[in-house]
Each structure stands twice: as C-alpha cells, then as structure tokens.
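Trainee: If you scroll down you'll find the structure; I have some questions about it.
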Amino acid sequence: MAAVNSNRVVKTTLIISTYNWPEALHLCLLSVSRQSVLPDEVIIADDGSTIETYDLIESLRKTFPVPLIHVWQEDEGFQLAKIRNKAIARATQDYIIQVDGDLILHKHFIEDHLELSKPGTFMTGSRVLMNKRLSESLLASQKTSTGILVSGMSNHTNRFQIKFLRNYFADRYKAHDIMKLRGCNMAFWREDLIRVNGYNEDFYGWGKEDNEIAARLVNAGIRKRAIKFGGIVFHLYHPEKCRERCEENERRLIQTILNKVIYCKRGVSQYDYASVEQYA
C-alpha cells in the first residue's frame, strides 16, 4: 500500500491554538513562514489572549507569506475544543493540519504531512520536548532551528526526518491505539471533521478532547495513521496546565468508546464562516 500522496495539489489550512504566550507564538509563526511547502492559510485559534497577541498577529500579517487569520473568543477558562471548532468553521481548505502555538515546526513539517495525506484517514504526530534552558535560548534568539545533537532535548527519536522510515511506519505505528496521539500535531480532512461535527465542546478544561475526536473518527470508519520520522515539532518548555477536570473528561471519552459515538451534539455545526469573529 503506497504511503506517500503523489497528488501535490492538496490545499491546506494550518490551525494554531494559542493562549497568552505571544513570544512563543511569534517563534511558531516564524517557523511556519520558513516552511519548504507553505500552507494555503494559517488560522490562529485564540482561547482568550490579551491585546499583546493581537498586536503580534497584526504586525506579522503585513508580510506573512500566506493569509493569517485571527479567530478569538472571550477568556472563560480552558475551552480548546470550542476555539478549535470556530477555527474549523473559518477554514476554507480541504486538509486541516493542527498544532499548538508553543511549537517550533521543522522546515519540512507541512511537506511531510501533505506527502502522507490520504483519503479516509487522519494523521497523528509526535513532538520533541525541550528543557527550560534551551527553550529560553531559542525564544531570546528567535531561532527556529537547532543542531540535531544539541543538548536540552528529550524524545530523541522524534527529532530525525528519515523519509523511508516515515513512509514505513505510517500504517504500522500504534495504528489502532487512539490513546497514543498528541493533539498538538494532528491532521484531518475537513469533510471528515464535519462528518463527526468537530470537537465535542462538553470537554471543558485540559485533557482528552483529542482522543475523543479520534475515537469518533475511528467509529465513523476513518483510519488513524501515524507520522514518525517526519512531521517534526519542537515543544517549548512551560509548566503543566491545570488538570482538575481530566477525570471528568476521561469519563466522557470512555462513553464515546463504549457507545461507538460518531456525532457530538455540541460541535462545529454551531458555527458558520460568517459567525466566527476575529479579535474584538
């Protein structure tokens, strides 16, 4: 079975979620602007950041190589599912790649995802963790790349781009395990997201919203694939988010799995293109 997509005309929306860390978002967007293959549009899914993030995006928009769209909502607690739905509603392209704003993207990140894109599947990737010292150094220098053997990184195998291994593992690496994925590095066909009604907004607070949408996609017959040795992202260090609602979210995930749920009620269908606000 061929792993690589030979059709290079797939149009992409890159969705970047963020909350009140404009310095990290700046570095993330710099890495996007330096991609070997650019996305066709970038949407910042902003879960209630203050004016500093707005100012950053406005300053970059003038020279950014593709349309840069800022979708924003009021800060009413951690509502990642909701802001991602609004970004999906605003997206205009067929293929949606999803990352977080505290990541630096390898220069071939978009290209890797596009080459592995395949109808009837969604893609899950990994990340390279960086320690506090290395993260602060990159933020200060505004560098979007480091040496392969630089100290201060973990998850070492996630830092190497090796195409033949990337292609080999796409259909083999933990293909049936929806718990083994990172929402900070995923990709979907937009029509598949609409089919399952996007993210479930009953998930409030940190945790499990990504596993739950993966479960519904699998229940709908959409197959999970993995991107290893490609689609590389480097995660900037920060303290862990509050996980007080994780148990409740875990229970919702279990119900989705046990009941083979496909469509969530409180999803992307609540929004349309015209109703999604930019920063106000």
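Identifiers in the structure tokens: chain A, B, ... in order shown; residue index from 1 per chain; ligand index from 1 in order shown.
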Go through segment 52-120 of chain A and flag each residue having an atom no more than 9 Å from segment 7-22 of chain A; for those, report the closest pair of atoms plus their distance in Å to one decimal, using only C-alpha atoms, ordered by chain and rising number, as JSON lines.
Mentor:
{"residue": "A:Glu52", "atom": "CA", "partner": "A:Pro22", "partner_atom": "CA", "distance": 6.7}
{"residue": "A:Thr53", "atom": "CA", "partner": "A:Pro22", "partner_atom": "CA", "distance": 5.1}
{"residue": "A:Tyr54", "atom": "CA", "partner": "A:Pro22", "partner_atom": "CA", "distance": 8.8}
{"residue": "A:Leu56", "atom": "CA", "partner": "A:Pro22", "partner_atom": "CA", "distance": 6.9}
{"residue": "A:Ile57", "atom": "CA", "partner": "A:Pro22", "partner_atom": "CA", "distance": 8.9}
{"residue": "A:Leu80", "atom": "CA", "partner": "A:Ser17", "partner_atom": "CA", "distance": 7.7}
{"residue": "A:Ile83", "atom": "CA", "partner": "A:Ser17", "partner_atom": "CA", "distance": 7.9}
{"residue": "A:Arg84", "atom": "CA", "partner": "A:Ser17", "partner_atom": "CA", "distance": 7.3}
{"residue": "A:Ala87", "atom": "CA", "partner": "A:Ile15", "partner_atom": "CA", "distance": 6.9}
{"residue": "A:Ile88", "atom": "CA", "partner": "A:Ile15", "partner_atom": "CA", "distance": 8.0}
{"residue": "A:Ala91", "atom": "CA", "partner": "A:Thr13", "partner_atom": "CA", "distance": 6.3}
{"residue": "A:Thr92", "atom": "CA", "partner": "A:Thr13", "partner_atom": "CA", "distance": 7.2}
{"residue": "A:Gln93", "atom": "CA", "partner": "A:Thr12", "partner_atom": "CA", "distance": 5.3}
{"residue": "A:Asp94", "atom": "CA", "partner": "A:Lys11", "partner_atom": "CA", "distance": 5.7}
{"residue": "A:Tyr95", "atom": "CA", "partner": "A:Thr12", "partner_atom": "CA", "distance": 4.7}
{"residue": "A:Ile96", "atom": "CA", "partner": "A:Thr13", "partner_atom": "CA", "distance": 4.8}
{"residue": "A:Ile97", "atom": "CA", "partner": "A:Leu14", "partner_atom": "CA", "distance": 4.8}
{"residue": "A:Gln98", "atom": "CA", "partner": "A:Ile15", "partner_atom": "CA", "distance": 4.9}
{"residue": "A:Val99", "atom": "CA", "partner": "A:Ile16", "partner_atom": "CA", "distance": 5.1}
{"residue": "A:Asp100", "atom": "CA", "partner": "A:Ser17", "partner_atom": "CA", "distance": 4.8}
{"residue": "A:Gly101", "atom": "CA", "partner": "A:Thr18", "partner_atom": "CA", "distance": 5.0}
{"residue": "A:Asp102", "atom": "CA", "partner": "A:Thr18", "partner_atom": "CA", "distance": 7.6}
{"residue": "A:Ile110", "atom": "CA", "partner": "A:Leu14", "partner_atom": "CA", "distance": 8.7}
{"residue": "A:Leu114", "atom": "CA", "partner": "A:Val10", "partner_atom": "CA", "distance": 7.3}
{"residue": "A:Glu115", "atom": "CA", "partner": "A:Arg8", "partner_atom": "CA", "distance": 7.6}
{"residue": "A:Ser117", "atom": "CA", "partner": "A:Val10", "partner_atom": "CA", "distance": 8.6}
Trainee: Could you give me, as a list in words, each residue of segment 135-223 of chain A that DSSP assigns to strand (DSSP E) when run on this structure's backbone?
Mentor: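 Result set for segment 135-223 of chain A (strand (DSSP E)): Met153, Ser154, Asn185, Met186, Ala187, Phe188, Trp189 and Arg223 of chain A.
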Trainee: Considering only C-alpha atoms, state which residue in the set A:Leu138, A:Met123, A:Leu105, A:Leu193 is at the smallest distance from Val233 of chain A.
Mentor: A:Leu105
Trainee: Within 10 Å of Asn155 of chain A, counting only C-alpha atoms, which residues qualify if same-chain residues fewer than 6 places away don't, as an MDAnalysis selection string?
Mentor: chainID A and resid 126:130
Trainee: Excluding same-chain residues fewer than 2 positions from Leu68 of chain A, what lies within 7 Å of it counting only C-alpha atoms, as a tab-separated table (two decimals) with N, CA, C and O atoms, in the first residue's frame?
Mentor:
chain	number	residue	atom	x	y	z
A	41	GLU	N	-3.34	28.76	4.11
A	41	GLU	CA	-3.79	29.77	5.05
A	41	GLU	C	-3.42	29.31	6.46
A	41	GLU	O	-3.26	28.11	6.71
A	42	VAL	N	-3.27	30.28	7.36
A	42	VAL	CA	-2.99	29.99	8.76
A	42	VAL	C	-4.08	30.66	9.60
A	42	VAL	O	-4.38	31.84	9.41
A	43	ILE	N	-4.69	29.88	10.50
A	43	ILE	CA	-5.70	30.41	11.41
A	43	ILE	C	-5.19	30.27	12.83
A	43	ILE	O	-4.87	29.16	13.28
A	61	ARG	N	1.04	40.05	9.98
A	61	ARG	CA	0.12	39.85	8.87
A	61	ARG	C	0.58	40.59	7.60
A	61	ARG	O	0.41	40.09	6.49
A	66	VAL	N	1.34	33.90	3.61
A	66	VAL	CA	0.00	33.39	3.30
A	66	VAL	C	-0.99	34.12	4.18
A	66	VAL	O	-0.60	34.78	5.15
A	70	HIS	N	-7.01	35.58	12.52
A	70	HIS	CA	-7.01	35.52	13.98
A	70	HIS	C	-8.45	35.31	14.47
A	70	HIS	O	-9.26	36.23	14.45
Trainee: What does the structure give for the distance between atom CA of Gly183 of chain A and atom CA of Lys82 of chain A, in Å to one decimal?
Mentor: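 Separation of atom CA of Gly183 of chain A and atom CA of Lys82 of chain A: 14.1 Å.
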Trainee: For Ile213 of chain A, work out the shell of residues within 10 Å, counting only C-alpha atoms and skipping chain neighbours fewer than 5 positions away, then give it as a list of chain:residue names.
Mentor: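 Close residues of Ile213 of chain A: A:Ala81, A:Ile178, A:Gly183, A:Leu193, A:Val196, A:Asn197, A:Gly198, A:Tyr199, A:Asn200, A:Lys208, A:Val218, A:Asn219, A:Leu253, A:Thr256, A:Val261, A:Ile262, A:Tyr263, A:Cys264.
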Trainee: Pull N, CA and C atoms from the residues just selected and write them as a short mmCIF file (atom, residue, chain, number, x, y, z; two decimals), in the first residue's frame.
Mentor:
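Output file out_18.cif follows:
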data_model
loop_
_atom_site.label_atom_id
_atom_site.label_comp_id
_atom_site.auth_asym_id
_atom_site.auth_seq_id
_atom_site.Cartn_x
_atom_site.Cartn_y
_atom_site.Cartn_z
N ALA A 81 -11.56 22.92 22.81
CA ALA A 81 -12.49 22.31 21.84
C ALA A 81 -13.31 23.38 21.13
N ILE A 178 -5.99 4.83 19.95
CA ILE A 178 -6.35 6.25 19.93
C ILE A 178 -5.81 7.00 21.14
N GLY A 183 -2.58 15.96 20.43
CA GLY A 183 -3.41 16.94 19.75
C GLY A 183 -2.64 18.11 19.20
N LEU A 193 -13.99 15.98 9.55
CA LEU A 193 -14.30 16.71 10.77
C LEU A 193 -15.76 17.15 10.79
N VAL A 196 -18.18 14.24 11.72
CA VAL A 196 -18.32 13.88 13.15
C VAL A 196 -18.67 15.09 14.00
N ASN A 197 -18.86 16.25 13.35
CA ASN A 197 -19.22 17.52 14.00
C ASN A 197 -18.09 18.11 14.84
N GLY A 198 -16.85 17.88 14.39
CA GLY A 198 -15.71 18.52 15.03
C GLY A 198 -15.50 18.09 16.46
N TYR A 199 -14.94 19.01 17.23
CA TYR A 199 -14.64 18.72 18.64
C TYR A 199 -15.90 18.78 19.50
N ASN A 200 -15.90 17.99 20.56
CA ASN A 200 -17.02 17.94 21.49
C ASN A 200 -16.81 19.01 22.57
N LYS A 208 -8.06 15.11 26.94
CA LYS A 208 -8.83 14.03 26.31
C LYS A 208 -9.73 14.46 25.16
N VAL A 218 -12.67 7.22 14.24
CA VAL A 218 -12.50 5.77 14.04
C VAL A 218 -13.86 5.08 13.99
N ASN A 219 -14.79 5.49 14.86
CA ASN A 219 -16.14 4.93 14.85
C ASN A 219 -16.84 5.19 13.51
N LEU A 253 -14.79 10.39 27.45
CA LEU A 253 -14.08 9.63 26.43
C LEU A 253 -14.49 8.17 26.47
N THR A 256 -17.83 7.62 24.86
CA THR A 256 -17.73 7.69 23.39
C THR A 256 -17.25 6.36 22.83
N VAL A 261 -19.89 6.27 19.62
CA VAL A 261 -20.44 7.57 19.20
C VAL A 261 -19.66 8.08 17.99
N ILE A 262 -20.39 8.63 17.04
CA ILE A 262 -19.78 9.25 15.86
C ILE A 262 -19.96 10.76 15.88
N TYR A 263 -21.15 11.21 16.19
CA TYR A 263 -21.51 12.63 16.06
C TYR A 263 -21.76 13.22 17.44
N CYS A 264 -21.08 14.33 17.74
CA CYS A 264 -21.33 15.01 19.02
C CYS A 264 -22.36 16.13 18.81
#
Trainee: Counting only C-alpha atoms, what is within 8 Å of segment 220-230 of chain A, bar same-chain residues fewer than 3 positions away, as a ChimeraX atom specification?
Mentor: /A:108-109,112-113,116,120-126,157-163,165-166,169-176,178,192,196,214,216-217,262
Trainee: Please report the interatomic distance between atom CA of Leu29 of chain A and atom CA of Cys246 of chain A in Å with one decimal.
Mentor: 29.6 Å
